Each structure stands twice: as C-alpha cells, then as structure tokens.
Amino acid sequence: MNPDRPGVSTGPDVPEASPLPGDDLVAFSSPRRDLWGVGTAVRIDLPSPWVEHVEVVTRTLADLSRHVDPAGPGDGDPDEPGTGPVAFGALPYDRSAPASLIVPAVLHGRSPDGRRWRTVVGGEASAGGPAGPGPTAPRRVEVRSARDPDEWCDDVRTATKRIADGDLTKVVLARELLVQADAPLDPAGVYLRLRSSAPHAFCFCVDGFVGASPELLVSRLGEVVRAQPMAGTAPRSGDEHRDLRAATELAASAKNRVEHQITIDAVHEAILPWCSYLDAEPEPSVVPAGPVQHLATLVEGRLSSPAPSVLELVAALHPTPAVGGWPREPALELQRVLERTDRGRYAGPVGWVDAAGNGAFAVGIRSVELEGTRGRVFAGVGVVADSDPMAELDETRAKSQAVLSALSTT
C-alpha cells in the first residue's frame, strides 16, 4: 500500500494492534470477527425514519471504496468481509428517529483464522491511542433508578392485565438506571473491560454507546445470513448444579418455549423473502449470558441474488418480539405508554457494514449510554400474562449488574 494514499493492508505483514483506554474508538467484536477503528473519516447521517434511508450508507461506502487502494502486502484477501471502508452504527430503538454511522479513519480487522488487515480512509493516520497514560477509571459510581421500583412493578401489573384481556401476547418493558461517576467514563476503557469479562458476547463501542450483547440480530457474510434470536430467561448463580437445573427448567418451560417460538417465527418470516434457503435449529439451546441464561435458536440460510445489504435485513427485522413484544404494533404502543422515556439506542441494532453489504448487527442490550461522568443503563424483561412483577424487577437488576460492574475499577 502506498503510504501517501488511503488503502487496505492485508496479510501477515500487518502489525499487531489493539485498542487502548482513551482511544477515540469504534469497535465491534464477536466470536467470528473483530473490527475496531480510531478517528472519524466520515459520519453518515440518516434522516428520519432511519429504516427507510439505509441505502445512504451503501452509496457512501461504495463511493469511499473507489478511493481506497485494495492492493497491500502479504497474501491476504482484500475481499474479506470487513476490509475496505466500514461503517459502525448504534441505531436508535425508535424506527422513526434519525441515525448516524461512523467510518473510522483507521480500521483494524481480524478474521477467525487469525488473518489481519488495516484500512486507512481519507489519508494516512496514526493507529490511535493516547499519547500518555490512559484516563483514570472512576473509583466511585452512584446508581439510582429513574423511577420508583414500586411504580415500575405497577406497570408490569398493568401490562399483565392487558395481556390477560387479550389485547396482546407479550410486551417488553425496560427499566432505566441513571449513573453518576466521580470521573469521566471512558467508553474505550469500559469496552475493554466488557470484552475481557464477556469474550463470547458481541461487544461494541460506538459514539459513547458501549455494551456486551449476547444476541445476534443478523449477520450477512457473502451469501450466508444468520440470526440467533433469544427469548426466555432464567437466572445464573455461579453454582454449576443450580445453573444446570435452572437451564433444564428453562428449556422445559411451556411459557418460555411459546415466548421463544413467537420470536423465531417473526425473525424467520422477516428474512425469508430474501432467501433461496432458510432454516432454524429444531430445538433451542440454553446460552449463558453473565448473570442470566437465555433460550436461543440459530436461524441460517442462503441469500438469493442480488443479496441485500445487512442494513436492509436490519431494517426489516428490528424490533423483534424479543425486545418489543407481540403483536408488534400494540406491544410498541403499550411500551411507549408504560416506559415514559426514550430508550435512545438501548435495544436498537448495533454493528458494522462494509461496502459490499457484509456486516453483523447485535441487539443493543446489556449496554450503557455514556456522556462525560453520566450514563444511562436499561434492562428489559418480557412480560406475559402470568409474569410476577417482583421476579421481573429482580431480573432487571441481574441483567444490569454486568454492565454496571464494568464502569469502575473497584
């Protein structure tokens, strides 16, 4: 690669690099692929509603790719998904809102087989990282509920009554926690701590939105499309025998299996029009996710030609019943009435897309929105007719704990 112009370096000659605390970082790591970048070459703004303007991202990346030299040292593949210009996005939960994505100035990538690459967009730039010692993580973080927990439980009771009356089958209600720290909360540092504690999760850091989600919304790598919806939750205690018993009960629970199947069917129906083949695992598995465990089913297929961009699939899928409820419109309307707040990017799609339309997006749960010394953490639960409000409250506490623990070093 000519160092005087933007381009992609691939292969064994690409130096090892890792993000550091204090980086101006965008990142998305998964068991299949690790992508991270520093700086901002381009910010792509999508007008509202963002779901109707995702083609703007495709056009922008295609234009950028024409100015990026694909040649590079080594024997790497410049067509590897995630090479070339890549846009990272943490998209709003609200489909009617505007959105923006970031194309980093310098992108680093690693594939499952260990291949590495580096892309520079808009001219040569440094690899990033602070010039001196990284920022000091807060020693004290105060957390309070945005609403009285008893009032939130009353909302759960209201939802169960509406469901029992036959207005809907399920609604997902989130509880908001407000964070105040004694020092600025560094998104890169929080990301690194979450990635260390949850190496099998989809860890992300985009525009101050940081998290470690267990749930793949959708990925598209070439012709292959995958999703792994999750619905149905049981606690984990750290005791192997108790957790195994809880997992067995979760897998055998008729209530949770019905809730899970609603989500699988919705995901399958949303993706199927683009596919020549699509299938789901015959039985869900139980997937550990920090303090809880979930029922999960892999949905996988082959896309017809011309294949859609991963963002087209994202727009068709979001929000799934796992984060919204079912049927969609009455569930979302009840959600708006009872939550009384803007979720922001919580439970929205978060991930990456390249110029060829490849990409991966997780569901933006187990996350925190950071701004200076403050943060917002949401934790949601699927409410059905026989939900117990106190049990649902405990579940929100368990789900938020993993994120909260990554905010400080104490």
# chains A, B, ... in the order shown; residues from 1 in each chain; ligands from 1
$ select_by_dssp --residues "region 18-162 of chain A" --states "strand (DSSP E or B)" --output "CSV table (one decimal) with N, CA and C atoms, in the first residue's frame"
chain,number,residue,atom,x,y,z
A,25,LEU,N,-12.6,5.6,20.0
A,25,LEU,CA,-12.8,4.2,19.5
A,25,LEU,C,-14.2,3.9,18.9
A,26,VAL,N,-14.2,3.2,17.8
A,26,VAL,CA,-15.4,2.5,17.4
A,26,VAL,C,-15.0,1.0,17.3
A,27,ALA,N,-15.8,0.1,17.8
A,27,ALA,CA,-15.4,-1.3,17.8
A,27,ALA,C,-16.6,-2.2,17.8
A,28,PHE,N,-16.4,-3.4,17.2
A,28,PHE,CA,-17.4,-4.5,17.3
A,28,PHE,C,-16.7,-5.8,17.3
A,29,SER,N,-16.7,-6.5,18.4
A,29,SER,CA,-16.0,-7.8,18.4
A,29,SER,C,-17.0,-8.9,18.6
A,34,ASP,N,-13.3,-9.5,14.5
A,34,ASP,CA,-13.0,-8.5,15.4
A,34,ASP,C,-12.6,-7.2,14.6
A,35,LEU,N,-13.4,-6.2,14.7
A,35,LEU,CA,-13.2,-4.9,14.0
A,35,LEU,C,-13.1,-3.8,15.0
A,36,TRP,N,-12.1,-2.9,14.8
A,36,TRP,CA,-12.1,-1.7,15.6
A,36,TRP,C,-11.3,-0.6,14.9
A,37,GLY,N,-11.7,0.6,15.1
A,37,GLY,CA,-11.1,1.7,14.4
A,37,GLY,C,-11.0,2.9,15.3
A,38,VAL,N,-10.2,3.9,14.9
A,38,VAL,CA,-10.0,5.2,15.6
A,38,VAL,C,-10.1,6.3,14.7
A,42,VAL,N,-15.5,9.8,8.1
A,42,VAL,CA,-16.8,10.2,7.5
A,42,VAL,C,-17.9,9.9,8.5
A,43,ARG,N,-18.8,10.8,8.8
A,43,ARG,CA,-20.0,10.5,9.5
A,43,ARG,C,-21.2,10.5,8.5
A,44,ILE,N,-21.9,9.3,8.5
A,44,ILE,CA,-23.0,9.2,7.6
A,44,ILE,C,-24.3,9.4,8.4
A,45,ASP,N,-25.0,10.4,8.0
A,45,ASP,CA,-26.3,10.8,8.7
A,45,ASP,C,-27.5,10.2,7.9
A,46,LEU,N,-28.4,9.6,8.6
A,46,LEU,CA,-29.6,9.1,8.0
A,46,LEU,C,-30.8,9.9,8.5
A,69,ASP,N,-7.2,2.2,-2.2
A,69,ASP,CA,-6.3,1.2,-2.9
A,69,ASP,C,-6.5,-0.2,-2.3
A,86,VAL,N,-15.5,0.7,6.3
A,86,VAL,CA,-16.6,0.1,7.1
A,86,VAL,C,-17.3,1.1,8.0
A,87,ALA,N,-18.6,1.1,8.0
A,87,ALA,CA,-19.4,2.0,8.8
A,87,ALA,C,-19.9,1.3,10.1
A,88,PHE,N,-19.7,1.9,11.2
A,88,PHE,CA,-20.1,1.3,12.5
A,88,PHE,C,-21.4,2.2,12.9
A,89,GLY,N,-22.4,1.5,13.4
A,89,GLY,CA,-23.6,2.2,13.8
A,89,GLY,C,-24.2,1.6,15.0
A,90,ALA,N,-24.7,2.5,15.9
A,90,ALA,CA,-25.5,2.2,17.0
A,90,ALA,C,-26.8,2.9,16.8
A,99,ALA,N,-30.6,8.7,12.4
A,99,ALA,CA,-29.5,7.9,12.9
A,99,ALA,C,-28.2,8.4,12.2
A,100,SER,N,-27.1,8.0,12.8
A,100,SER,CA,-25.8,8.2,12.1
A,100,SER,C,-24.8,7.1,12.3
A,101,LEU,N,-23.9,6.9,11.4
A,101,LEU,CA,-22.9,5.9,11.4
A,101,LEU,C,-21.5,6.5,11.2
A,102,ILE,N,-20.5,5.8,11.7
A,102,ILE,CA,-19.1,6.4,11.7
A,102,ILE,C,-18.3,5.5,10.8
A,103,VAL,N,-17.5,6.1,9.9
A,103,VAL,CA,-16.5,5.4,9.1
A,103,VAL,C,-15.2,5.8,9.8
A,106,VAL,N,-8.9,5.0,10.6
A,106,VAL,CA,-8.1,3.8,10.6
A,106,VAL,C,-8.9,2.6,11.1
A,107,LEU,N,-8.9,1.6,10.4
A,107,LEU,CA,-9.7,0.4,10.8
A,107,LEU,C,-8.7,-0.8,10.9
A,108,HIS,N,-8.9,-1.6,12.0
A,108,HIS,CA,-8.1,-2.8,12.1
A,108,HIS,C,-9.1,-4.0,12.1
A,109,GLY,N,-8.8,-5.1,11.5
A,109,GLY,CA,-9.6,-6.2,11.5
A,109,GLY,C,-8.9,-7.5,11.7
A,110,ARG,N,-9.6,-8.5,12.2
A,110,ARG,CA,-9.0,-9.8,12.4
A,110,ARG,C,-10.2,-10.9,12.1
A,116,ARG,N,-5.1,-10.7,9.5
A,116,ARG,CA,-5.3,-9.3,10.0
A,116,ARG,C,-5.3,-8.4,8.8
A,117,TRP,N,-5.9,-7.2,8.9
A,117,TRP,CA,-5.9,-6.2,7.9
A,117,TRP,C,-6.0,-4.8,8.5
A,118,ARG,N,-5.6,-3.8,7.8
A,118,ARG,CA,-5.7,-2.4,8.2
A,118,ARG,C,-6.1,-1.6,7.1
A,119,THR,N,-7.1,-0.8,7.3
A,119,THR,CA,-7.7,0.1,6.2
A,119,THR,C,-7.5,1.6,6.7
A,120,VAL,N,-7.0,2.4,5.8
A,120,VAL,CA,-6.9,3.8,6.1
A,120,VAL,C,-7.8,4.5,5.1
A,141,VAL,N,-19.0,5.1,41.6
A,141,VAL,CA,-20.1,5.2,40.6
A,141,VAL,C,-21.4,5.0,41.4
A,142,GLU,N,-22.2,6.1,41.4
A,142,GLU,CA,-23.5,6.0,42.0
A,142,GLU,C,-24.6,5.7,41.0
A,143,VAL,N,-25.5,4.8,41.4
A,143,VAL,CA,-26.6,4.3,40.5
A,143,VAL,C,-27.9,4.5,41.2
A,144,ARG,N,-28.9,5.1,40.5
A,144,ARG,CA,-30.2,5.2,41.0
A,144,ARG,C,-31.2,4.9,40.0
A,145,SER,N,-32.4,4.5,40.4
A,145,SER,CA,-33.4,4.1,39.4
A,145,SER,C,-34.1,5.4,39.0
$ select_by_dssp --residues "region 301-408 of chain A" --states "helix (DSSP H, G or I)" --output "VMD selection string"
chain A and resid 310 to 317 328 to 339 389 to 405
$ residues_around --residues "Ser237 (chain A)" --least-positions-apart "2" --cutoff "12 Å" --atoms "only C-alpha atoms" --output "number ranges by chain"
A: 234-235, 239-247, 288-293, 398
$ closest_residue --among "A:Pro135, A:Pro273, A:Gly324, A:Gly84" --to "Gly189 (chain A)" --atoms "only C-alpha atoms"
A:Pro135
$ closest_atom_pairs --of "region 211-257 of chain A" --to "region 328-346 of chain A" --cutoff "12 Å" --atoms "only C-alpha atoms" --output "tab-separated table"
residue	atom	partner	partner_atom	distance
A:Gly211	CA	A:Tyr346	CA	9.7
A:Ala212	CA	A:Tyr346	CA	11.9
A:Ser213	CA	A:Tyr346	CA	10.8
$ write_last_selection --atoms "C-alpha atoms" --output "PDB file, in the first residue's frame"
ATOM      1  CA  GLY A 211     -22.082  -2.983  25.755  1.00  0.00           C
ATOM      2  CA  ALA A 212     -21.714  -6.754  25.559  1.00  0.00           C
ATOM      3  CA  SER A 213     -24.814  -8.222  23.955  1.00  0.00           C
TER       4      SER A 213
END
$ closest_residue --among "A:Ala198, A:Val68, A:Val267, A:Leu370" --to "Ala231 (chain A)" --atoms "only C-alpha atoms"
A:Val267
$ residues_around --residues "Arg140 (chain A)" --least-positions-apart "2" --cutoff "9 Å" --atoms "only C-alpha atoms" --output "list in words"
Pro138, Glu142, Gln180, Ala181, Asp182, Ala183, Ser408, Thr409 and Thr410 of chain A
$ write_last_selection --atoms "N, CA and C atoms" --output "PDB file, in the first residue's frame"
ATOM      1  N   PRO A 138     -13.225   5.739  36.942  1.00  0.00           N
ATOM      2  CA  PRO A 138     -13.846   6.218  38.187  1.00  0.00           C
ATOM      3  C   PRO A 138     -13.649   5.232  39.329  1.00  0.00           C
ATOM      4  N   GLU A 142     -22.232   6.076  41.357  1.00  0.00           N
ATOM      5  CA  GLU A 142     -23.523   6.031  42.029  1.00  0.00           C
ATOM      6  C   GLU A 142     -24.607   5.687  41.009  1.00  0.00           C
ATOM      7  N   GLN A 180     -23.972   8.146  37.877  1.00  0.00           N
ATOM      8  CA  GLN A 180     -23.162   9.339  38.096  1.00  0.00           C
ATOM      9  C   GLN A 180     -21.823   8.893  38.666  1.00  0.00           C
ATOM     10  N   ALA A 181     -20.729   9.241  37.984  1.00  0.00           N
ATOM     11  CA  ALA A 181     -19.388   8.821  38.401  1.00  0.00           C
ATOM     12  C   ALA A 181     -18.585  10.004  38.903  1.00  0.00           C
ATOM     13  N   ASP A 182     -17.492   9.708  39.616  1.00  0.00           N
ATOM     14  CA  ASP A 182     -16.648  10.775  40.149  1.00  0.00           C
ATOM     15  C   ASP A 182     -15.536  11.177  39.187  1.00  0.00           C
ATOM     16  N   ALA A 183     -15.533  10.611  37.967  1.00  0.00           N
ATOM     17  CA  ALA A 183     -14.585  10.961  36.918  1.00  0.00           C
ATOM     18  C   ALA A 183     -15.243  10.612  35.587  1.00  0.00           C
ATOM     19  N   SER A 408     -16.424   0.942  36.680  1.00  0.00           N
ATOM     20  CA  SER A 408     -15.358   1.394  37.565  1.00  0.00           C
ATOM     21  C   SER A 408     -14.339   0.292  37.764  1.00  0.00           C
ATOM     22  N   THR A 409     -13.234   0.647  38.373  1.00  0.00           N
ATOM     23  CA  THR A 409     -12.170  -0.328  38.619  1.00  0.00           C
ATOM     24  C   THR A 409     -12.227  -0.897  40.022  1.00  0.00           C
ATOM     25  N   THR A 410     -13.205  -0.503  40.820  1.00  0.00           N
ATOM     26  CA  THR A 410     -13.292  -1.003  42.192  1.00  0.00           C
ATOM     27  C   THR A 410     -14.158  -2.240  42.260  1.00  0.00           C
TER      28      THR A 410
END
$ residues_around --residues "Leu64 (chain A)" --least-positions-apart "5" --cutoff "9 Å" --atoms "only C-alpha atoms" --output "JSON, numbers by chain"
{"A": [59, 84, 85, 121, 122, 355]}
$ write_last_selection --atoms "N, CA and C atoms" --output "PDB file, in the first residue's frame"
ATOM      1  N   ARG A  59     -24.451   3.644  -0.515  1.00  0.00           N
ATOM      2  CA  ARG A  59     -23.905   4.546  -1.535  1.00  0.00           C
ATOM      3  C   ARG A  59     -22.625   5.227  -1.051  1.00  0.00           C
ATOM      4  N   GLY A  84     -11.669  -2.744   3.572  1.00  0.00           N
ATOM      5  CA  GLY A  84     -12.157  -1.541   2.916  1.00  0.00           C
ATOM      6  C   GLY A  84     -12.884  -0.650   3.902  1.00  0.00           C
ATOM      7  N   PRO A  85     -13.544   0.390   3.414  1.00  0.00           N
ATOM      8  CA  PRO A  85     -14.291   1.280   4.313  1.00  0.00           C
ATOM      9  C   PRO A  85     -15.416   0.529   5.017  1.00  0.00           C
ATOM     10  N   VAL A 121      -8.722   5.361   5.577  1.00  0.00           N
ATOM     11  CA  VAL A 121      -9.678   6.091   4.740  1.00  0.00           C
ATOM     12  C   VAL A 121      -9.375   7.578   4.854  1.00  0.00           C
ATOM     13  N   GLY A 122      -9.220   8.242   3.720  1.00  0.00           N
ATOM     14  CA  GLY A 122      -9.044   9.695   3.736  1.00  0.00           C
ATOM     15  C   GLY A 122      -7.628  10.133   4.020  1.00  0.00           C
ATOM     16  N   ALA A 355     -18.654  -2.025   2.298  1.00  0.00           N
ATOM     17  CA  ALA A 355     -19.140  -1.534   1.012  1.00  0.00           C
ATOM     18  C   ALA A 355     -19.843  -2.615   0.202  1.00  0.00           C
TER      19      ALA A 355
END
$ atom_distance --atom1 "CA of Ala280 (chain A)" --atom2 "CA of Val172 (chain A)"
23.5 Å
$ atom_distance --atom1 "CA of Asp94 (chain A)" --atom2 "CA of Val310 (chain A)"
18.6 Å
$ closest_residue --among "A:Val299, A:Ala17, A:Leu192, A:Ala307" --to "Val403 (chain A)" --atoms "only C-alpha atoms"
A:Leu192
$ residues_around --residues "Glu281 (chain A)" --least-positions-apart "4" --cutoff "10 Å" --atoms "only C-alpha atoms" --output "mmCIF file with C-alpha atoms, in the first residue's frame"
data_model
loop_
_atom_site.group_PDB
_atom_site.id
_atom_site.type_symbol
_atom_site.label_atom_id
_atom_site.label_comp_id
_atom_site.auth_asym_id
_atom_site.auth_seq_id
_atom_site.Cartn_x
_atom_site.Cartn_y
_atom_site.Cartn_z
ATOM 1 C CA GLN A 228 -29.784 -16.015 16.694
ATOM 2 C CA ILE A 264 -38.213 -17.321 15.990
ATOM 3 C CA SER A 285 -30.330 -24.229 23.226
ATOM 4 C CA ALA A 296 -31.560 -19.237 21.764
ATOM 5 C CA THR A 297 -32.121 -20.661 18.287
ATOM 6 C CA LEU A 298 -29.794 -20.239 15.309
ATOM 7 C CA VAL A 299 -31.544 -19.289 12.062
ATOM 8 C CA GLU A 300 -29.307 -19.674 8.999
#
$ closest_residue --among "A:Gly359, A:Pro327, A:Gly348, A:Pro308" --to "Arg32 (chain A)" --atoms "only C-alpha atoms"
A:Gly359
